[in-house]
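Source file: query-v3.txt. Holds: compact mmCIF, C-alpha atoms.
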```
# COMPACT_ATOMS: atom_id res chain seq x y z
CA MET C 1 -62.82 -25.43 -38.63
CA THR C 2 -66.34 -25.02 -39.96
CA THR C 3 -69.26 -26.79 -38.40
CA SER C 4 -73.00 -26.52 -38.10
CA SER C 5 -73.17 -28.38 -34.84
CA PRO C 6 -71.17 -28.27 -31.63
CA GLY C 7 -71.03 -32.05 -31.75
CA LYS C 8 -69.49 -32.51 -35.19
CA THR C 9 -66.29 -31.33 -36.80
CA SER C 10 -64.58 -31.85 -40.09
CA ARG C 11 -63.23 -35.15 -38.70
CA GLY C 12 -66.72 -36.61 -38.35
CA PRO C 13 -68.97 -37.52 -35.42
CA ARG C 14 -67.51 -37.74 -31.93
CA SER C 15 -68.50 -39.80 -28.91
CA PRO C 16 -71.32 -38.46 -26.70
CA ARG C 17 -68.83 -37.74 -23.90
CA THR C 18 -66.59 -35.75 -26.26
CA VAL C 19 -69.59 -33.86 -27.62
CA ALA C 20 -70.70 -32.98 -24.08
CA ALA C 21 -67.20 -31.79 -23.15
CA ARG C 22 -66.91 -29.63 -26.27
CA ARG C 23 -70.34 -28.16 -25.65
CA ALA C 24 -69.47 -27.33 -22.04
CA ARG C 25 -66.24 -25.60 -23.07
CA SER C 26 -68.02 -23.69 -25.84
CA LEU C 27 -70.75 -22.50 -23.48
CA LEU C 28 -68.16 -21.45 -20.92
CA VAL C 29 -66.33 -19.32 -23.49
CA LEU C 30 -69.60 -17.84 -24.77
CA ALA C 31 -70.62 -17.01 -21.20
CA GLY C 32 -67.25 -15.35 -20.64
CA LEU C 33 -67.70 -13.29 -23.81
CA SER C 34 -71.15 -12.20 -22.62
CA ALA C 35 -69.79 -11.33 -19.15
CA ALA C 36 -66.78 -9.28 -20.31
CA SER C 37 -68.72 -6.05 -20.79
CA PRO C 38 -70.56 -6.27 -17.43
CA LEU C 39 -67.17 -6.84 -15.79
CA ALA C 40 -65.74 -3.79 -17.56
CA THR C 41 -68.78 -1.78 -16.48
CA ASP C 42 -68.61 -2.52 -12.77
CA MET C 43 -65.11 -3.72 -11.82
CA TYR C 44 -63.63 -0.23 -11.66
CA VAL C 45 -66.60 1.48 -9.98
CA PRO C 46 -65.08 1.18 -6.46
CA ALA C 47 -61.99 2.98 -7.80
CA LEU C 48 -63.79 6.03 -9.24
CA PRO C 49 -62.73 8.40 -6.40
CA ASP C 50 -59.07 7.36 -6.70
CA LEU C 51 -59.30 7.53 -10.49
CA ALA C 52 -60.65 11.09 -10.33
CA ARG C 53 -57.84 12.21 -8.00
CA SER C 54 -55.17 10.46 -10.07
CA LEU C 55 -56.27 12.08 -13.33
CA GLY C 56 -57.02 15.50 -11.83
CA THR C 57 -60.76 15.52 -12.49
CA ASP C 58 -63.96 15.58 -10.46
CA ALA C 59 -66.56 12.85 -9.88
CA ALA C 60 -68.59 13.90 -12.94
CA GLY C 61 -65.51 13.70 -15.15
CA ALA C 62 -64.69 10.22 -13.87
CA GLN C 63 -68.27 9.05 -14.32
CA MET C 64 -68.18 10.12 -17.97
CA SER C 65 -65.99 7.07 -18.54
CA LEU C 66 -68.97 4.90 -17.64
CA THR C 67 -71.27 6.84 -19.97
CA GLY C 68 -68.77 6.54 -22.80
CA PHE C 69 -68.51 2.80 -22.26
CA LEU C 70 -72.31 2.36 -22.42
CA VAL C 71 -72.47 4.45 -25.61
CA GLY C 72 -69.78 2.23 -27.08
CA ILE C 73 -71.73 -0.93 -26.21
CA ILE C 74 -74.82 0.38 -28.00
CA ILE C 75 -72.87 1.36 -31.13
CA GLY C 76 -70.85 -1.84 -31.09
CA GLN C 77 -73.86 -4.12 -30.97
CA LEU C 78 -75.61 -2.37 -33.83
CA LEU C 79 -72.48 -2.60 -35.99
CA LEU C 80 -70.90 -5.91 -35.02
CA GLY C 81 -74.02 -8.08 -35.01
CA PRO C 82 -74.78 -7.48 -38.70
CA LEU C 83 -71.05 -7.60 -39.51
CA SER C 84 -70.89 -11.13 -38.09
CA ASP C 85 -73.77 -12.12 -40.37
CA ALA C 86 -71.69 -10.97 -43.36
CA THR C 87 -68.17 -12.10 -42.42
CA GLY C 88 -68.68 -14.96 -39.95
CA ARG C 89 -68.71 -15.13 -36.16
CA ARG C 90 -65.11 -16.09 -35.38
CA PRO C 91 -63.37 -13.11 -37.05
CA VAL C 92 -65.61 -10.65 -35.19
CA LEU C 93 -65.23 -12.44 -31.86
CA ILE C 94 -61.44 -12.77 -32.16
CA ALA C 95 -60.90 -9.20 -33.36
CA GLY C 96 -63.34 -7.86 -30.77
CA SER C 97 -61.60 -9.68 -27.91
CA LEU C 98 -58.11 -8.60 -29.01
CA LEU C 99 -59.18 -4.96 -29.48
CA PHE C 100 -60.98 -5.08 -26.13
CA ALA C 101 -57.64 -6.08 -24.60
CA ALA C 102 -55.88 -3.27 -26.49
CA PHE C 103 -58.33 -0.58 -25.38
CA SER C 104 -58.20 -1.91 -21.82
CA THR C 105 -54.43 -1.47 -21.95
CA VAL C 106 -54.86 2.13 -23.11
CA CYS C 107 -57.23 2.69 -20.18
CA ALA C 108 -54.62 1.28 -17.79
CA LEU C 109 -51.95 3.62 -19.16
CA ALA C 110 -54.17 6.69 -19.74
CA PRO C 111 -52.33 9.91 -18.78
CA THR C 112 -55.48 12.06 -18.81
CA VAL C 113 -59.18 11.61 -18.28
CA GLU C 114 -59.79 12.53 -21.93
CA VAL C 115 -57.66 9.61 -23.10
CA LEU C 116 -59.40 7.32 -20.62
CA ASN C 117 -62.88 8.35 -21.78
CA ALA C 118 -61.99 7.89 -25.45
CA ALA C 119 -60.50 4.47 -24.74
CA ARG C 120 -63.61 3.51 -22.77
CA VAL C 121 -65.76 4.18 -25.84
CA GLY C 122 -63.51 1.90 -27.85
CA GLN C 123 -63.58 -0.68 -25.06
CA GLY C 124 -67.39 -0.61 -25.13
CA ILE C 125 -67.59 -1.00 -28.92
CA THR C 126 -65.22 -3.95 -29.00
CA GLY C 127 -66.61 -5.53 -25.82
CA ALA C 128 -70.03 -5.51 -27.45
CA ALA C 129 -68.82 -8.25 -29.80
CA GLY C 130 -69.00 -10.73 -26.94
CA ILE C 131 -72.58 -9.83 -26.08
CA VAL C 132 -74.09 -9.65 -29.53
CA VAL C 133 -72.17 -12.35 -31.40
CA SER C 134 -72.31 -14.98 -28.66
CA ARG C 135 -76.12 -14.96 -28.88
CA ALA C 136 -75.90 -15.33 -32.65
CA VAL C 137 -73.52 -18.30 -32.24
CA VAL C 138 -76.03 -20.02 -29.96
CA ALA C 139 -78.81 -19.43 -32.52
CA ASP C 140 -76.56 -20.91 -35.22
CA LEU C 141 -75.54 -24.02 -33.31
CA PHE C 142 -78.73 -25.05 -31.52
CA ASP C 143 -82.23 -25.78 -32.77
CA ASP C 144 -85.47 -24.42 -31.30
CA ARG C 145 -85.81 -27.32 -28.87
CA GLU C 146 -82.37 -26.67 -27.37
CA LEU C 147 -82.41 -22.85 -27.33
CA PRO C 148 -84.36 -22.46 -24.04
CA SER C 149 -81.96 -24.70 -22.13
CA VAL C 150 -78.84 -23.10 -23.59
CA PHE C 151 -80.00 -19.51 -23.11
CA SER C 152 -81.09 -20.29 -19.54
CA ARG C 153 -77.60 -21.54 -18.68
CA LEU C 154 -75.91 -18.59 -20.37
CA ALA C 155 -78.19 -16.15 -18.56
CA ALA C 156 -77.52 -17.82 -15.21
CA ILE C 157 -73.74 -17.63 -15.69
CA THR C 158 -73.67 -14.06 -16.95
CA ALA C 159 -76.06 -12.91 -14.19
CA THR C 160 -73.22 -13.37 -11.73
CA ALA C 161 -70.95 -10.89 -13.54
CA PRO C 162 -72.51 -7.64 -12.21
CA VAL C 163 -72.34 -9.07 -8.67
CA LEU C 164 -68.80 -10.40 -8.87
CA ALA C 165 -67.38 -7.39 -10.72
CA PRO C 166 -67.41 -4.87 -7.82
CA LEU C 167 -66.15 -7.59 -5.45
CA LEU C 168 -63.28 -8.47 -7.79
CA GLY C 169 -62.48 -4.82 -8.35
CA GLY C 170 -62.57 -4.10 -4.62
CA ALA C 171 -60.30 -7.05 -3.89
CA LEU C 172 -57.76 -5.85 -6.47
CA LEU C 173 -57.86 -2.32 -5.06
CA LEU C 174 -56.81 -3.60 -1.66
CA ALA C 175 -53.38 -4.32 -3.14
CA VAL C 176 -53.01 -2.30 -6.36
CA SER C 177 -54.23 0.87 -8.07
CA TRP C 178 -57.19 1.39 -10.40
CA ARG C 179 -54.88 0.98 -13.39
CA HIS C 180 -54.39 -2.67 -12.55
CA VAL C 181 -58.15 -3.23 -12.82
CA PHE C 182 -57.95 -2.32 -16.50
CA ALA C 183 -54.83 -4.45 -16.85
CA ALA C 184 -56.86 -7.39 -15.52
CA LEU C 185 -59.53 -6.65 -18.14
CA ALA C 186 -56.84 -6.64 -20.82
CA VAL C 187 -55.73 -10.10 -19.73
CA THR C 188 -59.39 -11.20 -19.78
CA GLY C 189 -59.68 -10.09 -23.41
CA LEU C 190 -56.60 -12.08 -24.38
CA LEU C 191 -57.89 -15.20 -22.62
CA LEU C 192 -61.26 -14.89 -24.37
CA ALA C 193 -59.57 -14.54 -27.77
CA ALA C 194 -57.61 -17.72 -27.01
CA GLY C 195 -60.83 -19.46 -25.96
CA VAL C 196 -62.55 -18.52 -29.22
CA LEU C 197 -59.58 -19.75 -31.26
CA ARG C 198 -59.52 -23.05 -29.41
CA TRP C 199 -63.17 -23.90 -28.70
CA ILE C 200 -65.64 -21.80 -30.74
CA PRO C 201 -66.27 -23.14 -34.26
CA GLU C 202 -67.28 -20.96 -37.18
CA SER C 203 -71.03 -21.39 -36.85
CA HIS C 204 -71.99 -19.20 -39.83
CA PRO C 205 -70.33 -20.63 -42.96
CA PRO C 206 -70.03 -18.63 -46.22
CA GLN C 207 -72.99 -20.36 -47.89
CA ALA C 208 -75.27 -19.19 -45.07
CA ARG C 209 -74.19 -15.54 -45.30
CA PRO C 210 -76.21 -12.90 -47.13
CA THR C 211 -75.10 -11.74 -50.54
CA GLY C 212 -74.02 -8.12 -50.83
CA GLY C 213 -71.50 -8.05 -48.00
CA PRO C 214 -71.65 -5.95 -44.82
CA SER C 215 -73.98 -3.32 -46.31
CA SER C 216 -76.59 -5.98 -46.92
CA SER C 217 -76.18 -7.22 -43.37
CA LEU C 218 -76.74 -3.72 -42.02
CA ARG C 219 -79.93 -3.53 -44.07
CA ALA C 220 -80.95 -6.77 -42.37
CA ILE C 221 -81.47 -4.77 -39.17
CA GLY C 222 -84.21 -2.85 -40.93
CA ARG C 223 -85.76 -6.03 -42.27
CA ALA C 224 -85.67 -7.66 -38.84
CA ALA C 225 -87.18 -4.55 -37.25
CA GLY C 226 -90.01 -4.75 -39.77
CA ARG C 227 -91.10 -8.16 -38.47
CA ARG C 228 -93.46 -8.11 -35.50
CA ALA C 229 -92.24 -11.55 -34.39
CA VAL C 230 -88.82 -9.94 -33.82
CA VAL C 231 -89.59 -6.36 -32.87
CA MET C 232 -92.13 -7.24 -30.15
CA PRO C 233 -89.63 -9.28 -28.09
CA VAL C 234 -87.02 -6.60 -28.78
CA LEU C 235 -89.36 -4.02 -27.21
CA ALA C 236 -90.10 -6.38 -24.34
CA LEU C 237 -86.40 -6.72 -23.56
CA ALA C 238 -85.80 -2.98 -23.97
CA PHE C 239 -88.44 -2.09 -21.37
CA GLY C 240 -87.49 -4.99 -19.10
CA GLY C 241 -83.82 -4.02 -19.32
CA ALA C 242 -84.73 -0.42 -18.48
CA ALA C 243 -86.38 -1.67 -15.28
CA VAL C 244 -83.22 -3.56 -14.33
CA PHE C 245 -81.05 -0.49 -15.01
CA ALA C 246 -83.35 1.53 -12.76
CA TYR C 247 -82.96 -1.15 -10.09
CA ILE C 248 -79.16 -1.07 -10.41
CA ALA C 249 -79.14 2.74 -10.23
CA GLY C 250 -81.41 2.91 -7.18
CA THR C 251 -80.99 -0.18 -5.05
CA THR C 252 -77.74 0.76 -3.28
CA PHE C 253 -79.12 4.22 -2.50
CA VAL C 254 -82.38 2.75 -1.17
CA PHE C 255 -80.81 0.26 1.20
CA GLN C 256 -77.84 2.34 2.37
CA ASP C 257 -79.21 5.88 2.48
CA ILE C 258 -82.88 5.24 3.30
CA TYR C 259 -82.78 2.03 5.33
CA ARG C 260 -79.30 2.75 6.75
CA LEU C 261 -77.78 -0.64 5.99
CA SER C 262 -74.01 -0.89 6.10
CA PRO C 263 -72.26 -1.40 2.75
CA SER C 264 -71.66 -5.05 3.61
CA LEU C 265 -75.33 -5.68 4.45
CA ALA C 266 -76.46 -3.79 1.35
CA GLY C 267 -74.08 -5.96 -0.66
CA LEU C 268 -75.67 -9.02 0.89
CA VAL C 269 -79.12 -7.82 -0.22
CA TYR C 270 -77.85 -7.23 -3.73
CA GLY C 271 -76.13 -10.60 -3.78
CA VAL C 272 -79.25 -12.50 -2.67
CA ASN C 273 -81.28 -10.74 -5.35
CA ALA C 274 -78.66 -11.70 -7.94
CA LEU C 275 -78.88 -15.28 -6.72
CA GLY C 276 -82.65 -15.09 -7.24
CA ASN C 277 -82.07 -13.84 -10.77
CA MET C 278 -79.71 -16.74 -11.46
CA THR C 279 -82.22 -19.20 -10.01
CA GLY C 280 -84.93 -17.82 -12.28
CA SER C 281 -82.69 -18.23 -15.32
CA LEU C 282 -81.94 -21.85 -14.46
CA ALA C 283 -85.62 -22.52 -13.74
CA TYR C 284 -86.53 -21.27 -17.22
CA GLY C 285 -84.65 -24.16 -18.82
CA ARG C 286 -86.82 -26.65 -16.90
CA LEU C 287 -90.08 -24.73 -17.23
CA ALA C 288 -89.62 -24.45 -21.00
CA ARG C 289 -89.97 -28.23 -21.27
CA ARG C 290 -93.62 -27.90 -20.24
CA ARG C 291 -94.60 -24.38 -21.25
CA SER C 292 -93.95 -22.28 -24.35
CA PRO C 293 -91.44 -19.41 -24.15
CA GLU C 294 -94.28 -16.99 -24.88
CA THR C 295 -96.32 -18.24 -21.91
CA LEU C 296 -93.30 -18.01 -19.61
CA LEU C 297 -92.51 -14.53 -20.92
CA ILE C 298 -95.97 -13.20 -20.09
CA ALA C 299 -96.09 -14.96 -16.72
CA SER C 300 -92.68 -13.72 -15.61
CA GLY C 301 -93.39 -10.18 -16.78
CA THR C 302 -96.66 -10.18 -14.84
CA VAL C 303 -94.98 -11.44 -11.65
CA ALA C 304 -92.16 -8.89 -11.94
CA THR C 305 -94.64 -6.05 -12.48
CA ALA C 306 -96.69 -7.22 -9.50
CA GLY C 307 -93.59 -7.23 -7.29
CA THR C 308 -92.65 -3.61 -7.94
CA GLY C 309 -96.31 -2.56 -8.17
CA VAL C 310 -96.97 -3.79 -4.63
CA LEU C 311 -93.88 -1.91 -3.43
CA LEU C 312 -95.11 1.30 -5.08
CA LEU C 313 -98.61 0.91 -3.65
CA VAL C 314 -97.43 0.22 -0.10
CA GLN C 315 -94.80 2.96 -0.18
CA THR C 316 -97.25 5.61 -1.35
CA THR C 317 -99.89 4.63 1.21
CA THR C 318 -98.53 3.30 4.50
CA GLY C 319 -94.80 3.31 3.80
CA SER C 320 -92.72 0.22 3.14
CA THR C 321 -90.40 -1.51 5.60
CA MET C 322 -86.95 -2.74 4.62
CA PRO C 323 -87.93 -6.46 4.61
CA LEU C 324 -90.99 -5.79 2.44
CA THR C 325 -88.98 -3.63 0.03
CA TRP C 326 -86.40 -6.39 -0.24
CA LEU C 327 -89.05 -9.06 -0.80
CA CYS C 328 -90.75 -7.07 -3.56
CA LEU C 329 -87.48 -6.40 -5.37
CA LEU C 330 -86.36 -10.01 -4.95
CA THR C 331 -89.64 -11.14 -6.51
CA ALA C 332 -89.20 -8.82 -9.49
CA ILE C 333 -85.54 -9.65 -10.10
CA THR C 334 -86.12 -13.41 -9.78
CA ALA C 335 -89.01 -13.21 -12.26
CA PHE C 336 -86.78 -11.25 -14.63
CA GLY C 337 -84.40 -14.20 -14.47
CA VAL C 338 -87.09 -16.15 -16.33
CA PHE C 339 -88.07 -13.20 -18.53
CA PHE C 340 -84.59 -12.59 -19.99
CA PRO C 341 -83.81 -16.03 -21.50
CA ALA C 342 -87.44 -16.36 -22.62
CA VAL C 343 -87.38 -13.17 -24.65
CA ILE C 344 -83.94 -13.97 -26.11
CA THR C 345 -85.15 -17.45 -27.11
CA ILE C 346 -88.22 -16.07 -28.88
CA ALA C 347 -86.40 -13.30 -30.74
CA GLN C 348 -83.48 -15.44 -31.89
CA SER C 349 -85.77 -18.27 -32.91
CA HIS C 350 -87.83 -15.98 -35.14
CA GLY C 351 -84.78 -14.03 -36.35
CA ARG C 352 -82.84 -16.99 -37.76
CA ALA C 353 -82.65 -15.27 -41.15
CA ALA C 354 -80.13 -12.83 -39.63
CA PRO C 355 -79.18 -13.86 -36.06
CA GLY C 356 -76.51 -11.17 -35.74
CA ALA C 357 -78.88 -8.39 -36.75
CA THR C 358 -81.56 -9.74 -34.40
CA SER C 359 -79.07 -9.89 -31.52
CA ALA C 360 -77.99 -6.33 -32.33
CA LEU C 361 -81.57 -5.10 -32.05
CA LEU C 362 -82.00 -6.91 -28.73
CA GLY C 363 -78.83 -5.54 -27.19
CA GLY C 364 -79.08 -2.07 -28.67
CA GLY C 365 -82.62 -1.57 -27.42
CA GLN C 366 -81.81 -2.99 -23.99
CA PHE C 367 -78.83 -0.70 -23.35
CA LEU C 368 -80.27 2.39 -25.06
CA LEU C 369 -83.49 2.42 -23.04
CA GLY C 370 -81.60 1.28 -19.93
CA ALA C 371 -79.18 4.18 -20.15
CA ALA C 372 -82.13 6.55 -20.49
CA ALA C 373 -84.01 5.05 -17.52
CA SER C 374 -81.13 5.02 -15.03
CA PRO C 375 -81.06 8.78 -14.26
CA LEU C 376 -84.84 8.94 -13.74
CA VAL C 377 -84.63 7.36 -10.29
CA GLY C 378 -82.58 10.25 -8.93
CA GLN C 379 -84.42 12.96 -10.85
CA PHE C 380 -87.80 12.03 -9.32
CA GLY C 381 -86.52 12.32 -5.75
CA THR C 382 -84.38 10.51 -3.23
CA GLN C 383 -86.52 10.49 -0.09
CA SER C 384 -88.11 7.05 -0.48
CA PRO C 385 -88.08 3.89 -2.63
CA ALA C 386 -91.15 5.19 -4.50
CA PRO C 387 -89.28 6.75 -7.48
CA MET C 388 -87.36 3.54 -8.15
CA ALA C 389 -90.53 1.47 -7.74
CA ALA C 390 -92.47 3.81 -10.05
CA VAL C 391 -89.86 3.68 -12.83
CA MET C 392 -89.50 -0.08 -12.53
CA THR C 393 -93.27 -0.69 -12.48
CA SER C 394 -93.86 1.51 -15.53
CA CYS C 395 -91.09 -0.19 -17.49
CA LEU C 396 -92.14 -3.69 -16.46
CA ALA C 397 -95.78 -2.99 -17.33
CA ALA C 398 -94.68 -1.88 -20.81
CA ALA C 399 -92.47 -4.98 -21.08
CA THR C 400 -95.40 -7.22 -20.13
CA LEU C 401 -97.65 -5.54 -22.71
CA ALA C 402 -94.97 -6.16 -25.34
CA ALA C 403 -94.79 -9.78 -24.14
CA ILE C 404 -98.54 -10.18 -24.67
CA LEU C 405 -98.21 -8.72 -28.17
CA THR C 406 -95.29 -11.09 -28.76
CA ARG C 407 -97.59 -14.09 -28.36
CA THR C 408 -99.76 -12.82 -31.20
CA ALA C 409 -96.80 -11.85 -33.36
CA THR C 410 -95.03 -15.19 -33.04
CA SER C 411 -97.90 -17.06 -34.69
CA GLU C 412 -95.94 -16.05 -37.80
CA PRO C 413 -93.50 -18.92 -38.60
CA PRO C 414 -89.76 -18.22 -38.35
CA ARG C 415 -88.04 -17.48 -41.63
CA GLN C 416 -85.16 -19.75 -42.43
CA ALA C 417 -83.59 -17.75 -45.22
CA GLU C 418 -83.90 -14.13 -46.16
CA HIS C 419 -80.77 -12.83 -47.83
CA GLY C 420 -80.64 -9.37 -49.27
```
What is this file in structure tokens?
Amino acid sequence: MTTSSPGKTSRGPRSPRTVAARRARSLLVLAGLSAASPLATDMYVPALPDLARSLGTDAAGAQMSLTGFLVGIIIGQLLLGPLSDATGRRPVLIAGSLLFAAFSTVCALAPTVEVLNAARVGQGITGAAGIVVSRAVVADLFDDRELPSVFSRLAAITATAPVLAPLLGGALLLAVSWRHVFAALAVTGLLLAAGVLRWIPESHPPQARPTGGPSSSLRAIGRAAGRRAVVMPVLALAFGGAAVFAYIAGTTFVFQDIYRLSPSLAGLVYGVNALGNMTGSLAYGRLARRRSPETLLIASGTVATAGTGVLLLVQTTTGSTMPLTWLCLLTAITAFGVFFPAVITIAQSHGRAAPGATSALLGGGQFLLGAAASPLVGQFGTQSPAPMAAVMTSCLAAATLAAILTRTATSEPPRQAEHG
């Protein structure tokens, strides 16, 4: 079934109620595709000690499986986004979901840590299809007026994945071994493939694809990176994403080891912050009706930078209390809830010539810089929240600068067709 709108099919227009139902199902599947990789990142984290003992390795060997997965996500986005521009969205989404299930099965059955780590790279590459292609599908199906609302809802749904993943993994581990966590991910991949087959139309028909095949689509990454209206929001997301990775790497340590909260209370703090992030994402859809995405991007970046900047200032002068640290981080993470859908909206709107390539740049930059920023929190010391606050403030300040430059760059009109 080929369609250019979620409300029309080859059988002609449908009733408004049917259109709304189809749209809701499509968005749910797209959100699930976007959430699959965060689930695969965090669901098995509570099982790392048992995994290490089971496979006869140490903590560092077990943690390499996480590194391999993140490397796979970066590679997968850079390859699969342009590939979907050349071959269509559905083949990449279906194949990616099925192969994600296959690699998850290999992880579940892995006899050695080497097999597990290799399968995790493959799991990351194939899981990246859900992240990168789902954004391209949204850009295909919705016009510029609808993009803010759609991306805000997707961001709100997928923001819950990193919070729910450890809880789901921990619940499974109460009854079964770590291998069953990967079995659950395999089932998730199969369900997503079925959802794509049933509810996601081919949003990128042959006549809209670039001539020259996949090689031309790969070259589209270079063309997209040469446009300031695309590369500025890509940089904004890369630096903003690095701040979030630093937060993820440091927040549990800060609240458990420094402020001596129990794991359950620290989880509550993390959960409330995630709720703030989700609230910010939903608020973006409403705010975008009255303000431009560029204005909201700059404003949210400024607020997020101020939140961590205040924490850094207080910590390096008088010392921060737990409630103040929590408030500052909650402010930053909630503001990033607005920042994320805003920057995605801007980039995909101005990258309509090659939505897959644009999405690949967004995701590749976000994860690449994020993976580099995560270890910095521990390397700069573990005696106070200051290292985490310093890394986050630096990254958010750079993200805000890129947001300001984005406003200037986006005065260039979006290109509707640029086929190589």
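If you measure from each of C:Pro210, C:Pro148, C:Gly250, C:Pro46 to Pro166 (chain C) using only C-alpha atoms, the closest one turns out to be C:Pro46.
For the pair CA of Ala409 (chain C) and CA of Leu83 (chain C), the interatomic distance is 26.8 Å.
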Centre and edge lengths, as lines of an AutoDock Vina configuration file, for the axis-aligned box enclosing every listed atom of region 237-249 of chain C with 3 Å of padding on each of the six sides, in Å to one decimal?
```
center_x = -83.8
center_y = -2.0
center_z = -17.0
size_x = 15.3
size_y = 15.5
size_z = 19.9
```
Counting all atoms listed in the file, what is within 9 Å of region 184-196 of chain C, bar same-chain residues fewer than 4 positions away, as a PDB file with C-alpha atoms, in the frame of the given file?
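Here's the written file selection.pdb:
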```pdb
ATOM      1  CA  ARG C  25     -66.240 -25.600 -23.070  1.00  0.00           C
ATOM      2  CA  SER C  26     -68.020 -23.690 -25.840  1.00  0.00           C
ATOM      3  CA  VAL C  29     -66.330 -19.320 -23.490  1.00  0.00           C
ATOM      4  CA  LEU C  30     -69.600 -17.840 -24.770  1.00  0.00           C
ATOM      5  CA  GLY C  32     -67.250 -15.350 -20.640  1.00  0.00           C
ATOM      6  CA  LEU C  33     -67.700 -13.290 -23.810  1.00  0.00           C
ATOM      7  CA  ALA C  36     -66.780  -9.280 -20.310  1.00  0.00           C
ATOM      8  CA  LEU C  39     -67.170  -6.840 -15.790  1.00  0.00           C
ATOM      9  CA  ALA C  40     -65.740  -3.790 -17.560  1.00  0.00           C
ATOM     10  CA  MET C  43     -65.110  -3.720 -11.820  1.00  0.00           C
ATOM     11  CA  ARG C  90     -65.110 -16.090 -35.380  1.00  0.00           C
ATOM     12  CA  LEU C  93     -65.230 -12.440 -31.860  1.00  0.00           C
ATOM     13  CA  ILE C  94     -61.440 -12.770 -32.160  1.00  0.00           C
ATOM     14  CA  ALA C  95     -60.900  -9.200 -33.360  1.00  0.00           C
ATOM     15  CA  GLY C  96     -63.340  -7.860 -30.770  1.00  0.00           C
ATOM     16  CA  SER C  97     -61.600  -9.680 -27.910  1.00  0.00           C
ATOM     17  CA  LEU C  98     -58.110  -8.600 -29.010  1.00  0.00           C
ATOM     18  CA  LEU C  99     -59.180  -4.960 -29.480  1.00  0.00           C
ATOM     19  CA  PHE C 100     -60.980  -5.080 -26.130  1.00  0.00           C
ATOM     20  CA  ALA C 101     -57.640  -6.080 -24.600  1.00  0.00           C
ATOM     21  CA  ALA C 102     -55.880  -3.270 -26.490  1.00  0.00           C
ATOM     22  CA  PHE C 103     -58.330  -0.580 -25.380  1.00  0.00           C
ATOM     23  CA  SER C 104     -58.200  -1.910 -21.820  1.00  0.00           C
ATOM     24  CA  THR C 105     -54.430  -1.470 -21.950  1.00  0.00           C
ATOM     25  CA  ALA C 108     -54.620   1.280 -17.790  1.00  0.00           C
ATOM     26  CA  GLY C 127     -66.610  -5.530 -25.820  1.00  0.00           C
ATOM     27  CA  ARG C 179     -54.880   0.980 -13.390  1.00  0.00           C
ATOM     28  CA  HIS C 180     -54.390  -2.670 -12.550  1.00  0.00           C
ATOM     29  CA  ILE C 200     -65.640 -21.800 -30.740  1.00  0.00           C
ATOM     30  CA  PRO C 201     -66.270 -23.140 -34.260  1.00  0.00           C
TER      31      PRO C 201
END
```
So which residues touch Ile157 (chain C) within 9 Å, counting only C-alpha atoms, skipping near sequence neighbours fewer than 6 positions away, as a ChimeraX atom specification? /C:28,31-32,35,278,281
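Distance-wise, CA of Leu287 (chain C) and CA of Thr345 (chain C) end up 13.2 Å apart.
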Report as a compact mmCIF listing (two decimals) with C-alpha atoms, keeping the file's coordinate frame all protein, DNA and RNA residues lying within 10 Å of region 381-395 of chain C, evaluated on only C-alpha atoms, omitting residues in the same chain fewer than 3 positions from it.
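Written out: selection35.txt:
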```txt
# COMPACT_ATOMS: atom_id res chain seq x y z
CA ALA C 236 -90.10 -6.38 -24.34
CA ALA C 238 -85.80 -2.98 -23.97
CA PHE C 239 -88.44 -2.09 -21.37
CA GLY C 240 -87.49 -4.99 -19.10
CA GLY C 241 -83.82 -4.02 -19.32
CA ALA C 242 -84.73 -0.42 -18.48
CA ALA C 243 -86.38 -1.67 -15.28
CA VAL C 244 -83.22 -3.56 -14.33
CA PHE C 245 -81.05 -0.49 -15.01
CA ALA C 246 -83.35 1.53 -12.76
CA TYR C 247 -82.96 -1.15 -10.09
CA ILE C 248 -79.16 -1.07 -10.41
CA ALA C 249 -79.14 2.74 -10.23
CA GLY C 250 -81.41 2.91 -7.18
CA THR C 251 -80.99 -0.18 -5.05
CA PHE C 253 -79.12 4.22 -2.50
CA VAL C 254 -82.38 2.75 -1.17
CA PHE C 255 -80.81 0.26 1.20
CA ASP C 257 -79.21 5.88 2.48
CA ILE C 258 -82.88 5.24 3.30
CA TYR C 259 -82.78 2.03 5.33
CA ALA C 304 -92.16 -8.89 -11.94
CA THR C 305 -94.64 -6.05 -12.48
CA ALA C 306 -96.69 -7.22 -9.50
CA GLY C 307 -93.59 -7.23 -7.29
CA THR C 308 -92.65 -3.61 -7.94
CA GLY C 309 -96.31 -2.56 -8.17
CA VAL C 310 -96.97 -3.79 -4.63
CA LEU C 311 -93.88 -1.91 -3.43
CA LEU C 312 -95.11 1.30 -5.08
CA LEU C 313 -98.61 0.91 -3.65
CA VAL C 314 -97.43 0.22 -0.10
CA GLN C 315 -94.80 2.96 -0.18
CA THR C 316 -97.25 5.61 -1.35
CA GLY C 319 -94.80 3.31 3.80
CA SER C 320 -92.72 0.22 3.14
CA MET C 322 -86.95 -2.74 4.62
CA THR C 325 -88.98 -3.63 0.03
CA CYS C 328 -90.75 -7.07 -3.56
CA LEU C 329 -87.48 -6.40 -5.37
CA ALA C 332 -89.20 -8.82 -9.49
CA LEU C 369 -83.49 2.42 -23.04
CA GLY C 370 -81.60 1.28 -19.93
CA ALA C 373 -84.01 5.05 -17.52
CA SER C 374 -81.13 5.02 -15.03
CA LEU C 376 -84.84 8.94 -13.74
CA VAL C 377 -84.63 7.36 -10.29
CA GLY C 378 -82.58 10.25 -8.93
CA ALA C 398 -94.68 -1.88 -20.81
CA ALA C 399 -92.47 -4.98 -21.08
CA THR C 400 -95.40 -7.22 -20.13
CA LEU C 401 -97.65 -5.54 -22.71
```
